[in-house]
file my_file-v3.csv (CSV, C-alpha atoms)
chain,number,residue,atom,x,y,z
A,130,MET,CA,237.0,105.4,130.9
A,131,TRP,CA,234.0,106.5,128.7
A,132,PRO,CA,232.6,103.0,128.5
A,133,ALA,CA,232.9,102.6,132.3
A,134,LEU,CA,231.0,105.9,132.8
A,135,ALA,CA,228.3,104.9,130.3
A,136,LEU,CA,228.0,101.5,132.1
A,137,ALA,CA,227.7,103.4,135.5
A,138,ALA,CA,224.9,105.6,134.0
A,139,VAL,CA,223.0,102.5,132.8
A,140,ALA,CA,223.5,100.9,136.2
A,141,GLY,CA,222.1,104.0,137.9
A,142,VAL,CA,218.9,103.8,135.7
A,143,LEU,CA,218.5,100.0,136.3
A,144,MET,CA,219.1,100.4,140.0
A,145,ASP,CA,216.3,103.0,140.2
A,146,LEU,CA,214.0,100.6,138.3
A,147,ALA,CA,214.5,98.0,141.0
A,148,TYR,CA,213.0,100.3,143.7
A,149,PRO,CA,209.3,100.2,144.6
A,150,GLN,CA,208.1,102.8,142.2
A,151,ALA,CA,208.8,100.5,139.2
A,152,GLY,CA,209.4,97.4,141.3
A,153,VAL,CA,211.5,95.5,138.8
A,154,TRP,CA,213.5,93.6,141.6
A,155,VAL,CA,215.6,91.6,139.1
A,156,ALA,CA,217.2,94.9,137.9
A,157,ALA,CA,219.0,95.4,141.2
A,158,PRO,CA,221.6,92.5,140.8
A,159,ILE,CA,222.1,93.4,137.2
A,160,ALA,CA,222.7,97.1,138.1
A,161,ALA,CA,225.1,96.1,140.9
A,162,GLY,CA,227.0,93.8,138.6
A,163,LEU,CA,227.3,96.5,135.9
A,164,LEU,CA,228.6,99.0,138.5
A,165,LEU,CA,231.1,96.4,139.8
A,166,CYS,CA,232.2,95.7,136.2
A,167,ALA,CA,232.7,99.4,135.6
A,168,LEU,CA,235.0,99.6,138.6
A,169,ILE,CA,237.4,96.8,137.6
A,170,GLY,CA,240.8,98.1,136.8
A,171,ARG,CA,240.1,101.7,137.8
A,172,SER,CA,242.3,103.9,139.8
A,173,ALA,CA,240.9,105.6,142.9
A,174,ALA,CA,240.2,108.7,140.8
A,175,GLY,CA,238.6,106.6,138.1
A,176,ALA,CA,236.4,104.9,140.7
A,177,LEU,CA,235.4,108.3,142.0
A,178,GLY,CA,234.2,109.3,138.5
A,179,VAL,CA,232.4,106.0,138.0
A,180,GLY,CA,230.8,106.3,141.4
A,181,ALA,CA,229.8,109.9,140.8
A,182,VAL,CA,228.1,109.1,137.5
A,183,PHE,CA,226.2,106.2,139.1
A,184,GLY,CA,225.3,108.2,142.1
A,185,VAL,CA,224.0,111.2,140.2
A,186,VAL,CA,221.9,109.2,137.8
A,187,PHE,CA,220.6,106.9,140.5
A,188,PHE,CA,219.8,109.4,143.2
A,189,ALA,CA,218.4,112.0,140.7
A,190,LEU,CA,215.8,109.4,139.7
A,191,LEU,CA,215.2,107.9,143.1
A,192,VAL,CA,214.5,111.1,145.0
A,193,SER,CA,213.0,113.1,142.1
A,194,TRP,CA,209.7,113.2,144.0
A,195,THR,CA,211.3,115.6,146.5
A,196,SER,CA,211.4,118.3,143.8
A,197,ARG,CA,207.6,118.2,143.7
A,198,TYR,CA,207.3,119.1,147.4
A,199,LEU,CA,210.5,121.0,148.2
A,200,GLY,CA,211.6,122.4,144.8
A,201,PRO,CA,214.6,121.8,142.6
A,202,VAL,CA,217.3,123.1,144.9
A,203,PRO,CA,216.8,120.6,147.8
A,204,TRP,CA,216.4,117.8,145.2
A,205,LEU,CA,219.6,118.6,143.5
A,206,ALA,CA,221.4,119.1,146.8
A,207,LEU,CA,220.2,115.7,148.1
A,208,THR,CA,221.2,114.1,144.8
A,209,PHE,CA,224.7,115.5,144.7
A,210,VAL,CA,225.4,114.9,148.4
A,211,GLN,CA,224.4,111.3,148.1
A,212,ALA,CA,226.3,110.9,144.8
A,213,ALA,CA,229.4,112.3,146.5
A,214,ILE,CA,229.1,109.8,149.4
A,215,THR,CA,228.5,107.0,146.9
A,216,ALA,CA,231.5,108.1,144.8
A,217,VAL,CA,233.8,108.0,147.8
A,218,GLY,CA,232.2,104.7,148.9
A,219,VAL,CA,233.0,102.8,145.7
A,220,ILE,CA,236.7,103.5,145.9
A,221,PRO,CA,237.3,100.6,148.3
A,222,LEU,CA,235.4,98.3,145.9
A,223,THR,CA,237.7,99.1,143.0
A,224,LEU,CA,240.7,98.7,145.3
A,225,ALA,CA,239.4,95.4,146.5
A,226,TYR,CA,239.7,94.0,143.0
A,227,ARG,CA,243.3,95.0,142.7
A,228,TRP,CA,244.4,94.0,146.2
A,229,MET,CA,242.5,90.8,146.7
A,230,LEU,CA,243.9,89.3,143.6
A,231,ARG,CA,247.4,90.1,144.8
A,232,VAL,CA,246.7,88.7,148.3
A,233,ALA,CA,244.9,85.5,147.1
A,234,PRO,CA,245.6,85.1,143.4
A,235,GLY,CA,244.1,81.6,143.0
A,236,ARG,CA,240.6,80.3,142.4
A,237,ALA,CA,239.6,80.7,146.0
A,238,GLY,CA,240.6,84.4,145.9
A,239,ARG,CA,238.6,85.0,142.8
A,240,MET,CA,235.6,82.8,143.5
A,241,VAL,CA,235.2,83.1,147.3
A,242,LEU,CA,237.2,85.8,149.0
A,243,LEU,CA,236.7,88.6,146.4
A,244,PRO,CA,232.9,88.2,146.4
A,245,LEU,CA,232.8,88.1,150.2
A,246,LEU,CA,235.0,91.2,150.4
A,247,LEU,CA,232.9,93.1,147.8
A,248,ALA,CA,229.7,92.2,149.5
A,249,SER,CA,231.1,93.3,152.9
A,250,LEU,CA,232.3,96.6,151.5
A,251,TRP,CA,229.0,97.3,149.7
A,252,THR,CA,227.1,96.5,152.9
A,253,GLY,CA,229.4,98.7,154.9
A,254,ARG,CA,228.9,101.6,152.5
A,255,GLU,CA,225.1,101.2,152.8
A,256,ILE,CA,225.3,101.1,156.6
A,257,LEU,CA,227.5,104.3,156.6
A,258,MET,CA,225.0,106.0,154.3
A,259,GLY,CA,222.2,104.9,156.5
A,260,ALA,CA,223.8,106.5,159.6
A,261,TRP,CA,225.7,109.6,158.4
A,262,PRO,CA,225.3,112.6,157.9
A,263,TYR,CA,222.5,113.8,160.2
A,264,GLY,CA,221.1,110.3,160.9
A,265,GLY,CA,221.7,109.1,157.4
A,266,PHE,CA,219.8,108.3,154.3
A,267,PRO,CA,218.9,104.6,154.4
A,268,TRP,CA,216.3,104.7,151.6
A,269,ALA,CA,218.7,103.4,148.9
A,270,ARG,CA,219.7,100.1,150.4
A,271,LEU,CA,219.9,97.3,147.9
A,272,GLY,CA,217.9,94.9,150.1
A,273,MET,CA,214.9,97.2,149.8
A,274,THR,CA,214.6,96.3,146.2
A,275,GLN,CA,214.1,92.6,147.0
A,276,VAL,CA,210.8,92.9,148.9
A,277,GLU,CA,208.8,91.2,146.1
A,278,SER,CA,211.6,88.8,145.1
A,279,PRO,CA,211.7,85.1,145.8
A,280,VAL,CA,214.7,85.7,148.1
A,281,ALA,CA,212.5,87.6,150.5
A,282,ALA,CA,209.9,84.8,150.7
A,283,VAL,CA,212.3,82.0,151.4
A,284,GLY,CA,211.5,81.0,154.9
A,285,GLY,CA,211.1,84.6,156.0
A,286,SER,CA,214.8,85.2,155.5
A,287,ALA,CA,214.4,88.9,155.1
A,288,ALA,CA,212.7,89.1,158.5
A,289,MET,CA,215.5,87.1,160.1
A,290,VAL,CA,218.6,88.9,158.5
A,291,GLY,CA,217.2,92.4,157.8
A,292,VAL,CA,217.7,94.7,154.9
A,293,ALA,CA,221.5,94.7,155.0

call {"tool": "encode", "arguments": {"input": "my_file-v3.csv", "output": "structure tokens"}}
result
Amino acid sequence: MWPALALAAVAGVLMDLAYPQAGVWVAAPIAAGLLLCALIGRSAAGALGVGAVFGVVFFALLVSWTSRYLGPVPWLALTFVQAAITAVGVIPLTLAYRWMLRVAPGRAGRMVLLPLLLASLWTGREILMGAWPYGGFPWARLGMTQVESPVAAVGGSAAMVGVA
């Protein structure tokens, strides 16, 4: 479990680097991949721990500016609330690894269905975080890291499909 927690912490730092303050857009897919690797083979409780570490590191860095204007208590509260939602939100991701490979154990399951399911679950988690609680916190969507990437420039695809 310790390597998975360390991987989640590194993923949290890398994910923060992908957002506009540093703007290293290529760090986002690497961070997402590291987080997903840390979730492989975890129980629901293990996924909760991995998600909590990722969430605390990522949101503490991402919303650190709030401490300058609101003080440390609101910053920590926002960090821990978002980390808790993230921790619960990654449980379906880890369960998808286990269940999809049982439902579709072949190459199509591993190479097509599992990535589609993981992408759908990730997007669903982001949409939920963007809507709940109190109107949500949509600032931390993965698509927002790709504003300067070549993906955003390809035929105006970002304008057509949106951030999700």

call {"tool": "atom_distance", "arguments": {"input": "my_file-v3.csv", "atom1": "atom CA of A:Val182", "atom2": "atom CA of A:Leu257"}}
result
19.7 Å

call {"tool": "residues_near_point", "arguments": {"input": "my_file-v3.csv", "point": "(234.9, 105.8, 147.8)", "cutoff": "10 Å", "atoms": "all atoms listed in the file", "output": "list in words"}}
result
Ala173, Ala174, Ala176, Leu177, Gly178, Gly180, Ala181, Ala213, Ile214, Thr215, Ala216, Val217, Gly218, Val219, Ile220, Pro221, Leu222, Thr223, Leu224 and Arg254 of chain A

call {"tool": "atom_distance", "arguments": {"input": "my_file-v3.csv", "atom1": "atom CA of A:Gln211", "atom2": "atom CA of A:Trp228"}}
result
26.5 Å

call {"tool": "atom_distance", "arguments": {"input": "my_file-v3.csv", "atom1": "atom CA of A:Ala189", "atom2": "atom CA of A:Leu163"}}
result
18.5 Å

call {"tool": "closest_atom_pairs", "arguments": {"input": "my_file-v3.csv", "of": "stretch 178-282 of chain A", "to": "stretch 130-150 of chain A", "cutoff": "8 Å", "atoms": "all atoms listed in the file", "output": "JSON lines"}}
result
{"residue": "A:Gly178", "atom": "CA", "partner": "A:Leu134", "partner_atom": "CA", "distance": 7.4}
{"residue": "A:Val179", "atom": "CA", "partner": "A:Leu134", "partner_atom": "CA", "distance": 5.4}
{"residue": "A:Gly180", "atom": "CA", "partner": "A:Ala137", "partner_atom": "CA", "distance": 7.3}
{"residue": "A:Val182", "atom": "CA", "partner": "A:Ala138", "partner_atom": "CA", "distance": 5.9}
{"residue": "A:Phe183", "atom": "CA", "partner": "A:Ala137", "partner_atom": "CA", "distance": 4.8}
{"residue": "A:Gly184", "atom": "CA", "partner": "A:Gly141", "partner_atom": "CA", "distance": 6.7}
{"residue": "A:Val185", "atom": "CA", "partner": "A:Gly141", "partner_atom": "CA", "distance": 7.8}
{"residue": "A:Val186", "atom": "CA", "partner": "A:Gly141", "partner_atom": "CA", "distance": 5.2}
{"residue": "A:Phe187", "atom": "CA", "partner": "A:Gly141", "partner_atom": "CA", "distance": 4.2}
{"residue": "A:Phe188", "atom": "CA", "partner": "A:Asp145", "partner_atom": "CA", "distance": 7.9}
{"residue": "A:Leu190", "atom": "CA", "partner": "A:Asp145", "partner_atom": "CA", "distance": 6.4}
{"residue": "A:Leu191", "atom": "CA", "partner": "A:Asp145", "partner_atom": "CA", "distance": 5.8}
{"residue": "A:Met273", "atom": "CA", "partner": "A:Tyr148", "partner_atom": "CA", "distance": 7.1}
{"residue": "A:Thr274", "atom": "CA", "partner": "A:Tyr148", "partner_atom": "CA", "distance": 5.0}

call {"tool": "write_last_selection", "arguments": {"input": "my_file-v3.csv", "atoms": "C-alpha atoms", "output": "JSON list (two decimals), in the coordinates of the input"}}
result
[["chain", "number", "residue", "atom", "x", "y", "z"],
["A", 178, "GLY", "CA", 234.20, 109.30, 138.50],
["A", 179, "VAL", "CA", 232.40, 106.00, 138.00],
["A", 180, "GLY", "CA", 230.80, 106.30, 141.40],
["A", 182, "VAL", "CA", 228.10, 109.10, 137.50],
["A", 183, "PHE", "CA", 226.20, 106.20, 139.10],
["A", 184, "GLY", "CA", 225.30, 108.20, 142.10],
["A", 185, "VAL", "CA", 224.00, 111.20, 140.20],
["A", 186, "VAL", "CA", 221.90, 109.20, 137.80],
["A", 187, "PHE", "CA", 220.60, 106.90, 140.50],
["A", 188, "PHE", "CA", 219.80, 109.40, 143.20],
["A", 190, "LEU", "CA", 215.80, 109.40, 139.70],
["A", 191, "LEU", "CA", 215.20, 107.90, 143.10],
["A", 273, "MET", "CA", 214.90, 97.20, 149.80],
["A", 274, "THR", "CA", 214.60, 96.30, 146.20]]

call {"tool": "closest_residue", "arguments": {"input": "my_file-v3.csv", "among": "A:Phe209, A:Trp268, A:Tyr263, A:Trp251", "to": "A:Leu164", "atoms": "only C-alpha atoms"}}
result
A:Trp251

call {"tool": "closest_residue", "arguments": {"input": "my_file-v3.csv", "among": "A:Val192, A:Arg239, A:Arg227, A:Ser278", "to": "A:Ala212", "atoms": "all atoms listed in the file"}}
result
A:Val192

call {"tool": "closest_residue", "arguments": {"input": "my_file-v3.csv", "among": "A:Ile169, A:Ala225, A:Leu199, A:Ile159", "to": "A:Leu247", "atoms": "only C-alpha atoms"}}
result
A:Ala225

call {"tool": "closest_residue", "arguments": {"input": "my_file-v3.csv", "among": "A:Leu250, A:Ala160, A:Leu243, A:Ala151", "to": "A:Arg231", "atoms": "all atoms listed in the file"}}
result
A:Leu243

call {"tool": "closest_residue", "arguments": {"input": "my_file-v3.csv", "among": "A:Ala161, A:Gly170, A:Val292, A:Val210", "to": "A:Leu230", "atoms": "only C-alpha atoms"}}
result
A:Gly170

call {"tool": "axis_aligned_box", "arguments": {"input": "my_file-v3.csv", "around": "stretch 221-229 of chain A", "padding_each_side": "6 Å", "output": "JSON"}}
result
{"center_x": 239.9, "center_y": 95.7, "center_z": 145.5, "size_x": 21.0, "size_y": 21.8, "size_z": 17.6}

call {"tool": "closest_residue", "arguments": {"input": "my_file-v3.csv", "among": "A:Tyr226, A:Gly264, A:Leu245, A:Met258", "to": "A:Ser172", "atoms": "all atoms listed in the file"}}
result
A:Tyr226
